[in-house]
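Down below is the structure, laid out as structure tokens.
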Amino acid sequence: MDTPSPAALFALWERARRLDAVERSRAALRTLGLAEPDLGQLTVGQADTLLMDLRARAFGASIAAVAGCPACGEQVDVEFDLRDVWTPPSGDLGTSASIAEDDFTVQVRPACLDDLSRLACLSSDEDRAVALLRCCVLEARKAGELVAVEEIPPEFVVLLDRALAELDPQADVQLSLGCPTCGRAWLVPFDIAAFFWDDLDAWVRRTARDVGTLAAQFGWAEADILAMGADRRALYLELTRP
Ligand SMILES: [Zn+2]
């Protein structure tokens with residue numbers, strides 16, 4: 001898998017900045033050489049694993065952020081390495097699972113990027129949750145008879161969610177945080193797609209400033225400045241400072 005060049009990262013930013021979160025992820029994964037239709041068939045967890053790999057290649061594997069404590073509001077530093085939240089693929093993982101309890105037997109498969117793209121137009125969380133379940137349920141039966149997804153009782157949906165999390169563990173990474181001030185412990189979801197985009201946006205703005213400075217000082221073209229290694233760029237930037 002290729003590490004995208006600075007020029008490719010710039011092009012990605014320009015192409016994806018007006019897209020929604022799912023389409024941004026798809027655009028980012030295309031820089032790794034992935035293409036349709038395989039790209040759309042990646043499960044959310046598989047896509048997130050690749051985005052983690054892309055983030056590590058482009059900007060390093062360490063993550064530093066802050067999260068507000070839900071009890072006292074203290075800003076808690078969150079620092080970890082992407083490798084710590086990466087779940088190695090297990091040979092036991094299947095592409096679907098069948099769950100049976102009481103009268104119900106339901107077969108599910110993990111959500112894929114095509115599913116998320118289809119759901120992007122839905123505005124309410126509730127509509128999205130039902131539509132996502134409809135994507136993931138391959139077949140639902142009550143006492144042997146086919147039933148609609150809407151007829152699956154909420155307590156059974158909890159079992160389905162658990163089975164889906166086991167089928168695609170990387171889709172929902174939860175960070176376990178603790179507040180040093182009040183002692184509260186809590187979980188927050190880690191959204192690699194959002195992190196990658198924020199990093200890319202910050203990197204592009206920082207690099208554009210540097211390119212602008214070097215172009216003004218030396219008259220070099222953007223493509224030539226971007227093609228330099230980061231260290232060489234930094235060296236020339238030093239020369240521009242009084
Ligand atoms: Zn606290």
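Letters A, B, ... go to the chains of the structure tokens in the order shown; residues in each chain start at 1; ligands are counted from 1 in the same order.
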Running DSSP on the backbone, which parts of stretch 25-116 of chain A land in strand (DSSP E), as a tab-separated table (two decimals) with C-alpha atoms, in the first residue's frame?
chain	number	residue	atom	x	y	z
A	62	SER	CA	0.32	8.89	18.07
A	63	ILE	CA	-2.95	10.62	18.89
A	64	ALA	CA	-3.20	13.55	21.28
A	65	ALA	CA	-6.57	15.11	22.05
A	66	VAL	CA	-8.66	16.40	24.93
A	67	ALA	CA	-12.06	15.24	26.19
A	68	GLY	CA	-14.39	16.99	28.62
A	75	GLN	CA	-10.49	18.91	30.11
A	76	VAL	CA	-8.72	15.55	30.23
A	77	ASP	CA	-5.70	14.86	27.99
A	78	VAL	CA	-6.13	11.78	25.80
A	79	GLU	CA	-2.90	10.38	24.42
A	80	PHE	CA	-2.42	6.99	22.85
A	81	ASP	CA	-0.89	5.13	19.95
A	97	ALA	CA	-23.91	-14.47	12.00
A	98	SER	CA	-27.19	-16.10	12.89
A	99	ILE	CA	-28.74	-15.25	16.25
A	100	ALA	CA	-31.65	-17.21	17.69
A	101	GLU	CA	-33.66	-16.58	20.83
A	104	PHE	CA	-36.77	-15.27	16.55
A	105	THR	CA	-33.90	-16.26	14.26
A	106	VAL	CA	-32.08	-13.38	12.56
A	107	GLN	CA	-29.10	-13.45	10.22
A	108	VAL	CA	-26.96	-10.30	10.13
Check your understanding: Could you pull the residues within 8 Å of A:Pro4, counting only C-alpha atoms, minus those fewer than 2 positions along the same chain, as a list in words?
Key ->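 Listed by chain and then number, they are Asp2, Pro6, Ala7, Ala8, Leu9, Thr31, Leu32 and Ala58 of chain A.
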Practice item. For A:Trp186, list every protein, DNA or RNA residue within 9 Å, evaluated using only C-alpha atoms, and leave out those in the same chain fewer than 5 positions away; present the list as a list in words. Key: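 Near A:Trp186, the qualifying residues are Cys69, Pro70, Leu175, Ser176, Leu177, Gly178 and Cys179 of chain A.
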Keeping only all heavy atoms, write the selected residues as an mmCIF file, in the first residue's frame.
data_model
loop_
_atom_site.group_PDB
_atom_site.id
_atom_site.type_symbol
_atom_site.label_atom_id
_atom_site.label_comp_id
_atom_site.auth_asym_id
_atom_site.auth_seq_id
_atom_site.Cartn_x
_atom_site.Cartn_y
_atom_site.Cartn_z
ATOM 1 N N CYS A 69 -14.627 15.997 30.841
ATOM 2 C CA CYS A 69 -15.183 15.043 31.812
ATOM 3 C C CYS A 69 -16.695 15.289 31.928
ATOM 4 O O CYS A 69 -17.117 16.424 32.146
ATOM 5 C CB CYS A 69 -14.507 15.235 33.173
ATOM 6 S SG CYS A 69 -15.339 14.310 34.497
ATOM 7 N N PRO A 70 -17.512 14.213 31.772
ATOM 8 C CA PRO A 70 -18.965 14.397 31.825
ATOM 9 C C PRO A 70 -19.460 14.777 33.231
ATOM 10 O O PRO A 70 -20.579 15.273 33.383
ATOM 11 C CB PRO A 70 -19.526 13.041 31.400
ATOM 12 C CG PRO A 70 -18.425 12.075 31.618
ATOM 13 C CD PRO A 70 -17.133 12.814 31.509
ATOM 14 N N LEU A 175 -12.726 4.397 23.783
ATOM 15 C CA LEU A 175 -11.583 4.740 24.630
ATOM 16 C C LEU A 175 -12.056 4.808 26.067
ATOM 17 O O LEU A 175 -13.102 5.395 26.365
ATOM 18 C CB LEU A 175 -11.013 6.098 24.226
ATOM 19 C CG LEU A 175 -10.559 6.244 22.775
ATOM 20 C CD1 LEU A 175 -10.144 7.686 22.509
ATOM 21 C CD2 LEU A 175 -9.409 5.294 22.470
ATOM 22 N N SER A 176 -11.284 4.203 26.948
ATOM 23 C CA SER A 176 -11.629 4.221 28.367
ATOM 24 C C SER A 176 -10.874 5.379 29.027
ATOM 25 O O SER A 176 -9.650 5.374 29.087
ATOM 26 C CB SER A 176 -11.215 2.865 28.957
ATOM 27 O OG SER A 176 -11.363 2.909 30.331
ATOM 28 N N LEU A 177 -11.620 6.383 29.489
ATOM 29 C CA LEU A 177 -10.987 7.579 30.052
ATOM 30 C C LEU A 177 -11.265 7.690 31.545
ATOM 31 O O LEU A 177 -12.248 7.154 32.053
ATOM 32 C CB LEU A 177 -11.513 8.836 29.347
ATOM 33 C CG LEU A 177 -11.361 8.886 27.828
ATOM 34 C CD1 LEU A 177 -11.836 10.233 27.300
ATOM 35 C CD2 LEU A 177 -9.931 8.645 27.413
ATOM 36 N N GLY A 178 -10.384 8.404 32.244
ATOM 37 C CA GLY A 178 -10.572 8.649 33.675
ATOM 38 C C GLY A 178 -10.242 10.099 33.975
ATOM 39 O O GLY A 178 -9.309 10.655 33.394
ATOM 40 N N CYS A 179 -11.009 10.737 34.859
ATOM 41 C CA CYS A 179 -10.774 12.140 35.195
ATOM 42 C C CYS A 179 -9.875 12.232 36.441
ATOM 43 O O CYS A 179 -10.227 11.686 37.486
ATOM 44 C CB CYS A 179 -12.100 12.844 35.458
ATOM 45 S SG CYS A 179 -11.881 14.543 36.002
#
**Study point:** All residues 9 Å or closer to stretch 15-21 of chain A, only C-alpha atoms, same chain fewer than 4 positions away omitted, as a PyMOL selection string
**Key:** chain A and resi 10-11+25-28+120+193-194+197+201
Point to revise | DSSP helix (DSSP H, G or I) selection over stretch 52-116 of chain A, as a list in words | key: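 So the helix (DSSP H, G or I) residues in stretch 52-116 of chain A would be Met52, Asp53, Leu54, Arg55, Ala56, Arg57, Ala58, Phe59, Leu82, Arg83, Asp84, Leu113, Asp114, Asp115 and Leu116 of chain A.
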Let's have the selection written as a short mmCIF file (atom, residue, chain, number, x, y, z; two decimals), in the first residue's frame, with N, CA, C and O atoms.
data_model
loop_
_atom_site.label_atom_id
_atom_site.label_comp_id
_atom_site.auth_asym_id
_atom_site.auth_seq_id
_atom_site.Cartn_x
_atom_site.Cartn_y
_atom_site.Cartn_z
N MET A 52 -6.73 4.16 9.80
CA MET A 52 -5.70 4.22 10.85
C MET A 52 -4.32 4.05 10.23
O MET A 52 -3.36 4.73 10.59
N ASP A 53 -4.22 3.11 9.29
CA ASP A 53 -2.95 2.87 8.61
C ASP A 53 -2.54 4.12 7.83
O ASP A 53 -1.38 4.55 7.89
N LEU A 54 -3.51 4.73 7.14
CA LEU A 54 -3.22 5.94 6.37
C LEU A 54 -2.79 7.08 7.30
O LEU A 54 -1.82 7.79 7.02
N ARG A 55 -3.48 7.22 8.40
CA ARG A 55 -3.14 8.28 9.37
C ARG A 55 -1.71 8.07 9.90
O ARG A 55 -0.90 9.00 10.00
N ALA A 56 -1.39 6.81 10.22
CA ALA A 56 -0.06 6.51 10.76
C ALA A 56 1.02 6.80 9.72
O ALA A 56 2.07 7.35 10.04
N ARG A 57 0.75 6.46 8.45
CA ARG A 57 1.74 6.72 7.40
C ARG A 57 1.91 8.21 7.14
O ARG A 57 3.03 8.70 6.95
N ALA A 58 0.79 8.93 7.10
CA ALA A 58 0.85 10.35 6.71
C ALA A 58 1.28 11.25 7.87
O ALA A 58 2.05 12.18 7.67
N PHE A 59 0.78 10.97 9.07
CA PHE A 59 1.00 11.91 10.18
C PHE A 59 1.51 11.25 11.46
O PHE A 59 1.56 11.88 12.51
N LEU A 82 -2.08 4.60 17.90
CA LEU A 82 -3.12 3.91 17.12
C LEU A 82 -2.99 2.39 17.22
O LEU A 82 -3.99 1.68 17.19
N ARG A 83 -1.74 1.92 17.39
CA ARG A 83 -1.56 0.46 17.47
C ARG A 83 -2.22 -0.12 18.71
O ARG A 83 -2.55 -1.30 18.77
N ASP A 84 -2.47 0.75 19.74
CA ASP A 84 -3.12 0.27 20.97
C ASP A 84 -4.61 0.01 20.78
O ASP A 84 -5.24 -0.67 21.59
N LEU A 113 -19.39 0.45 3.68
CA LEU A 113 -19.37 1.86 3.30
C LEU A 113 -20.54 2.22 2.38
O LEU A 113 -21.09 3.31 2.47
N ASP A 114 -20.92 1.30 1.48
CA ASP A 114 -22.07 1.58 0.61
C ASP A 114 -23.32 1.82 1.46
O ASP A 114 -24.14 2.68 1.14
N ASP A 115 -23.47 1.04 2.54
CA ASP A 115 -24.63 1.24 3.43
C ASP A 115 -24.60 2.65 4.01
O ASP A 115 -25.60 3.36 4.01
N LEU A 116 -23.42 3.06 4.51
CA LEU A 116 -23.32 4.38 5.15
C LEU A 116 -23.60 5.49 4.14
O LEU A 116 -24.24 6.49 4.47
#
Review point. Can you tell me which residues sit at most 7 Å away from ligand 1, counting only C-alpha atoms and all ligand atoms, written as a ChimeraX atom specification?
Key: /A:69-74,179-184
Practice item. Please identify all polymer residues within 12 Å of A:Arg205, counting only C-alpha atoms, omitting same-chain residues fewer than 6 positions from it, and present them as a ChimeraX atom specification. Key: /A:9-10,13-14,198-199,211-212
